[in-house]
Each structure stands twice: as C-alpha cells, then as structure tokens.
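**Student:** Enclosed is the structure file model-v8.cif (mmCIF, C-alpha atoms).
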data_target
loop_
_atom_site.label_atom_id
_atom_site.label_comp_id
_atom_site.auth_asym_id
_atom_site.auth_seq_id
_atom_site.Cartn_x
_atom_site.Cartn_y
_atom_site.Cartn_z
CA MET H 1 -68.69 64.14 30.76
CA LYS H 2 -69.66 60.76 29.28
CA ASN H 3 -66.27 60.57 27.53
CA LEU H 4 -64.43 61.31 30.78
CA LEU H 5 -66.39 58.66 32.64
CA PHE H 6 -65.76 56.13 29.87
CA THR H 7 -62.03 56.93 29.87
CA LEU H 8 -61.76 56.57 33.64
CA THR H 9 -63.66 53.30 33.53
CA MET H 10 -61.39 51.94 30.80
CA ILE H 11 -58.25 52.90 32.76
CA MET H 12 -59.57 51.07 35.83
CA VAL H 13 -60.53 47.99 33.79
CA HIS H 14 -57.13 47.99 32.05
CA SER H 15 -55.33 48.18 35.42
CA PHE H 16 -57.35 45.28 36.77
CA ILE H 17 -57.04 43.03 33.71
CA PHE H 18 -53.40 43.68 32.85
CA GLY H 19 -50.45 43.61 35.18
CA GLN H 20 -48.09 46.41 35.91
CA THR H 21 -45.57 47.66 33.38
CA THR H 22 -42.03 48.09 34.66
CA LYS H 23 -39.31 50.10 32.94
CA ILE H 24 -36.08 48.13 33.02
CA GLU H 25 -33.44 50.41 34.50
CA GLY H 26 -30.37 51.02 32.33
CA THR H 27 -32.22 50.19 29.11
CA LYS H 28 -34.87 51.65 26.85
CA LEU H 29 -37.01 48.58 27.49
CA HIS H 30 -40.03 47.75 29.60
CA ILE H 31 -41.98 44.60 30.42
CA THR H 32 -45.64 44.16 31.30
CA MET H 33 -46.75 41.37 33.58
CA PRO H 34 -49.72 39.46 32.11
CA ASN H 35 -52.19 40.07 34.95
CA PRO H 36 -52.45 41.34 38.53
CA GLU H 37 -51.44 37.89 39.86
CA TRP H 38 -47.83 38.95 39.19
CA GLU H 39 -45.93 41.40 41.37
CA LEU H 40 -42.44 42.86 41.43
CA THR H 41 -41.30 41.57 44.81
CA ASN H 42 -37.66 42.58 44.93
CA THR H 43 -34.73 44.11 43.10
CA GLN H 44 -31.13 43.40 43.87
CA GLU H 45 -28.00 45.16 42.72
CA ASN H 46 -24.55 43.60 42.75
CA GLY H 47 -21.91 45.73 41.08
CA ASP H 48 -22.91 46.17 37.44
CA ILE H 49 -25.70 43.58 37.66
CA LEU H 50 -29.31 44.42 38.50
CA VAL H 51 -31.91 41.70 39.09
CA TYR H 52 -35.70 42.11 39.11
CA TYR H 53 -37.79 39.40 40.81
CA PHE H 54 -41.43 39.00 39.81
CA LYS H 55 -43.53 36.43 41.68
CA ARG H 56 -46.99 35.11 40.93
CA THR H 57 -49.61 34.29 43.53
CA PRO H 58 -49.12 30.65 44.55
CA ILE H 59 -50.69 27.75 42.66
CA ILE H 60 -51.43 24.50 44.48
CA ASP H 61 -49.77 21.49 42.86
CA SER H 62 -50.78 17.81 43.03
CA GLN H 63 -48.85 17.41 46.30
CA GLN H 64 -50.79 20.33 47.85
CA ARG H 65 -47.68 22.55 47.83
CA LYS H 66 -48.05 26.27 47.24
CA VAL H 67 -45.85 26.77 44.19
CA ILE H 68 -44.80 30.31 43.26
CA PRO H 69 -43.97 30.72 39.55
CA ASN H 70 -41.35 33.39 38.99
CA ILE H 71 -39.87 35.64 36.37
CA SER H 72 -36.43 37.10 36.95
CA ILE H 73 -34.72 39.69 34.81
CA ILE H 74 -30.94 40.04 35.00
CA VAL H 75 -29.62 43.30 33.55
CA GLU H 76 -25.89 43.44 32.84
CA GLU H 77 -23.29 44.87 30.50
CA ASN H 78 -22.70 42.67 27.45
CA ASP H 79 -19.72 44.50 25.94
CA GLY H 80 -21.67 45.14 22.72
CA LEU H 81 -21.91 41.46 21.83
CA ASP H 82 -24.53 40.34 19.33
CA VAL H 83 -27.45 38.49 20.92
CA VAL H 84 -26.38 35.03 19.71
CA THR H 85 -22.84 35.34 21.12
CA TYR H 86 -24.21 36.84 24.35
CA SER H 87 -26.70 33.97 24.73
CA ILE H 88 -24.03 31.32 24.11
CA MET H 89 -21.67 32.85 26.67
CA LYS H 90 -24.35 33.14 29.36
CA ARG H 91 -26.16 29.88 28.63
CA ASN H 92 -22.97 27.92 29.33
CA SER H 93 -23.23 29.03 32.98
CA MET H 94 -26.92 28.09 33.26
CA PRO H 95 -27.49 24.36 33.74
CA PHE H 96 -30.67 23.55 31.83
CA ASP H 97 -31.51 21.26 28.93
CA VAL H 98 -32.68 23.16 25.85
CA THR H 99 -35.75 21.64 24.20
CA ASP H 100 -36.66 24.46 21.76
CA THR H 101 -35.10 27.62 20.37
CA PHE H 102 -37.10 30.54 19.02
CA ILE H 103 -36.52 33.91 17.44
CA PRO H 104 -38.85 36.82 18.27
CA LYS H 105 -40.90 36.33 15.08
CA ASP H 106 -41.76 32.76 16.17
CA ILE H 107 -43.62 33.96 19.27
CA GLU H 108 -44.66 37.43 18.04
CA MET H 109 -42.29 39.17 20.45
CA LYS H 110 -42.32 42.95 20.06
CA TYR H 111 -38.60 43.47 20.65
CA LYS H 112 -36.63 41.84 17.85
CA ASN H 113 -33.04 41.68 19.17
CA ALA H 114 -33.53 38.53 21.24
CA ILE H 115 -33.26 34.75 21.26
CA ILE H 116 -35.58 32.52 23.27
CA TYR H 117 -34.90 29.07 24.69
CA ARG H 118 -37.38 26.67 26.24
CA GLY H 119 -35.92 24.04 28.48
CA SER H 120 -35.98 22.06 31.69
CA TYR H 121 -33.90 21.12 34.70
CA ASN H 122 -34.33 19.09 37.88
CA ASP H 123 -33.81 20.10 41.49
CA GLU H 124 -34.89 18.88 44.93
CA HIS H 125 -38.49 20.04 44.23
CA GLY H 126 -38.80 18.12 40.96
CA LYS H 127 -38.62 18.85 37.25
CA HIS H 128 -38.92 22.49 36.16
CA GLN H 129 -39.89 23.94 32.79
CA LEU H 130 -38.58 27.34 31.84
CA TYR H 131 -38.13 29.97 29.20
CA VAL H 132 -34.82 31.79 29.08
CA VAL H 133 -34.75 34.89 26.90
CA PHE H 134 -31.56 36.70 25.99
CA VAL H 135 -32.05 40.30 24.90
CA ASN H 136 -29.50 42.72 23.49
CA ASN H 137 -30.18 46.43 24.07
CA GLY H 138 -27.07 48.24 22.88
CA LYS H 139 -24.28 47.47 25.34
CA THR H 140 -26.75 46.07 27.86
CA GLY H 141 -27.83 42.46 27.97
CA LEU H 142 -30.89 41.01 29.65
CA ARG H 143 -31.58 37.46 30.73
CA VAL H 144 -35.29 36.89 31.35
CA ILE H 145 -35.89 33.62 33.18
CA CYS H 146 -39.45 32.27 33.52
CA ASP H 147 -39.52 29.23 35.80
CA VAL H 148 -42.13 26.87 37.28
CA LEU H 149 -42.52 23.20 38.23
CA ASP H 150 -43.24 20.95 35.24
CA GLU H 151 -46.77 19.96 36.27
CA LEU H 152 -47.85 23.62 36.43
CA PHE H 153 -46.15 24.73 33.23
CA GLU H 154 -49.24 24.41 31.02
CA HIS H 155 -51.13 26.61 33.47
CA VAL H 156 -48.61 29.47 33.47
CA GLU H 157 -47.01 29.12 30.03
CA PRO H 158 -49.49 31.61 28.48
CA GLU H 159 -48.57 34.10 31.22
CA PHE H 160 -44.85 33.56 30.63
CA LEU H 161 -45.31 34.13 26.90
CA ALA H 162 -47.44 37.23 27.51
CA ALA H 163 -44.67 38.75 29.65
CA ILE H 164 -41.92 37.76 27.18
CA THR H 165 -43.77 39.11 24.14
CA SER H 166 -44.51 42.38 25.98
CA ILE H 167 -40.81 43.32 26.16
CA SER H 168 -40.58 46.44 24.08
CA ASP H 169 -38.75 49.70 23.53
CA LYS H 170 -41.92 51.47 22.43
CA LYS H 171 -43.44 54.23 24.52
CA ILE H 172 -45.26 52.88 27.57
CA LYS H 173 -49.01 53.34 27.16
CA ASN H 174 -49.96 51.91 30.55
CA LYS H 175 -50.58 54.84 32.91
CA ASN H 176 -49.75 52.56 35.86
CA ALA H 177 -46.18 51.99 34.67
CA SER H 178 -43.47 52.29 37.27
CA THR H 179 -39.76 52.85 37.02
CA ILE H 180 -37.49 51.20 39.54
CA ASN H 181 -34.70 53.56 40.50
CA LEU H 182 -31.95 52.15 42.69
#
Spit out the file's structure as structure tokens when you get a sec.
**Tutor:**
Amino acid sequence: MKNLLFTLTMIMVHSFIFGQTTKIEGTKLHITMPNPEWELTNTQENGDILVYYFKRTPIIDSQQRKVIPNISIIVEENDGLDVVTYSIMKRNSMPFDVTDTFIPKDIEMKYKNAIIYRGSYNDEHGKHQLYVVFVNNGKTGLRVICDVLDELFEHVEPEFLAAITSISDKKIKNKNASTINL
C-alpha cells in the first residue's frame, strides 16, 4: 500500500513539474515541454505539412506587454536528405541571422540526427532571439522553432533548451503523453 501511494504521489508530482510529452505524428519522435507553463494550443495541416504550435503563459516585458514565447514544430517530407542539406535548403527560406551553430552533442540533445542554430531577427515588435533545430527522421524532416523577444530570451532560454534536448525516439516514459491524430 505504501508503495502504491508513493508511486501515485510521484506520478502527480512529475505531471506538475514537467510539461506534457507529445508524440510527433508521422515520426518515431516525441518532445516534452519543460513545465506546465507550456501548452499545445493548435495543430495545422496543409497538404504534406503538419505544424504544432506550443505557447507559454505570457511574460510581461519592460513595456508592460504580455509576451507569449512560442515553440513551433513543422513536420514535412525531406526526400531522404541528410540533416545538413535539409537545414541548408530550409534555412534559405527563413530570414534570420545565425549567431551560433550546434550539433546535438554540444547541448546534450538526446536525438543525434539534428543541427541547431541560434539566431535573431527584427520585426515590428522588436528584436527576437530564436533557436531553429533541423531534425532528420528517415524521410521526414522537422523544423523546431523556439522564438521570443530579445529582452526575455534569458528568461526562457533554459525552457527552450529543455524542450529541444527532450526530442527523442526512445520510449515515452511520461504517463501523461498524448498523441495528436489528425
């Protein structure tokens, strides 16, 4: 009885401390959000492309704006390209300035067939900092885009990295995992 109570308590604590794990449709991969502040808010399908939208609870910036950091995952066919070629082809259509490039070992990412860029861009809201991760999973490619205003980047960067490094093809251990079926 004590073991059962302990197990139930640990499951509840785990669910509260860690965010939800989502299986990425069309792949053998899943991603875990870093904490319950993050939520899968929408999925969108357009032909062979599937997009997941994760939003964080708002953070107030220095101008008293409610800023919502986001993580988007674009799932698409990559014609069996290697991850470097895939990233070059897709990065050309994404207007951001690359400041750093990483391989999975650099950030202790579980899934190894990836390349990670850190960069920035400007829009009408100001300067943004972002991570863009390109993942190759067989003939499926993923673009994981973690984006927030520059002044809030230090606050959410650990959460972005926690989500990125959680990408894995290992069996999901989180009992609260969900699969999005469209």
**Student:** Using all atoms listed in the file, find the one residue out of H:Leu149, H:Leu142, H:Leu29, H:Val156 that sits nearest to Asn78 of chain H.
**Tutor:**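 Among the listed residues, H:Leu142 lies closest to Asn78 of chain H.
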**Student:** Using all atoms listed in the file, I'd like a table of the residues in segment 48-107 of chain H that come within 9 Å of segment 120-137 of chain H; for each, show the closest atom pair and its distance in Å rounded to one decimal, ordered by chain and ascending number, as a tab-separated table.
**Tutor:**
residue	atom	partner	partner_atom	distance
H:Asn78	CA	H:Asn136	CA	7.9
H:Gly80	CA	H:Asn136	CA	8.2
H:Leu81	CA	H:Asn136	CA	7.9
H:Asp82	CA	H:Asn136	CA	6.9
H:Val83	CA	H:Asn136	CA	5.4
H:Val84	CA	H:Phe134	CA	8.3
H:Tyr86	CA	H:Phe134	CA	7.5
H:Ser87	CA	H:Phe134	CA	5.7
H:Lys90	CA	H:Phe134	CA	8.7
H:Arg91	CA	H:Val132	CA	8.9
H:Pro95	CA	H:Tyr121	CA	7.2
H:Phe96	CA	H:Tyr121	CA	5.0
H:Asp97	CA	H:Ser120	CA	5.3
H:Val98	CA	H:Ser120	CA	6.8
H:Thr99	CA	H:Ser120	CA	7.5
**Student:** What is the atom CA of Gln63 of chain H to atom CA of Met33 of chain H distance in Å?
**Tutor:**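 Distance reported for this atom pair: 27.2 Å.
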**Student:** Hey, can you check how far atom CA of Lys110 of chain H sits from atom CA of Gly47 of chain H?
**Tutor:**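 Between these atoms lies a distance of 29.4 Å.
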**Student:** Mind telling me what the PyMOL selection byres ((chain H and resi 53-61) around 10) catches here, as a VMD selection string?
**Tutor:** chain H and resid 33 35 to 44 51 to 52 62 to 74 145 to 146 149 151 to 152 155 to 156 159
**Student:** List the residues selected by the PyMOL selection byres ((chain H and resi 168) around 10) in the file shown, writing them as a ChimeraX atom specification.
**Tutor:** /H:23,28-32,109-112,164-167,169-172
**Student:** One decimal, Å: what's the distance from atom CA of Lys139 of chain H over to atom CA of Glu77 of chain H, could you say?
**Tutor:**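 Atom CA of Glu77 of chain H lies 5.9 Å from atom CA of Lys139 of chain H.
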**Student:** Which of these residues is nearest to Asp106 of chain H, using all atoms listed in the file: H:Val75, H:Leu161, H:Leu50, H:Ile24?
**Tutor:** H:Leu161
**Student:** With all atoms listed in the file as the basis for distance, which of H:Asp48, H:Ile88, H:Ile107, H:Asp150 is at the shortest distance from Ala163 of chain H?
**Tutor:**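 Of H:Asp48, H:Ile88, H:Ile107, H:Asp150, the one nearest Ala163 of chain H, counting all atoms listed in the file, is H:Ile107.
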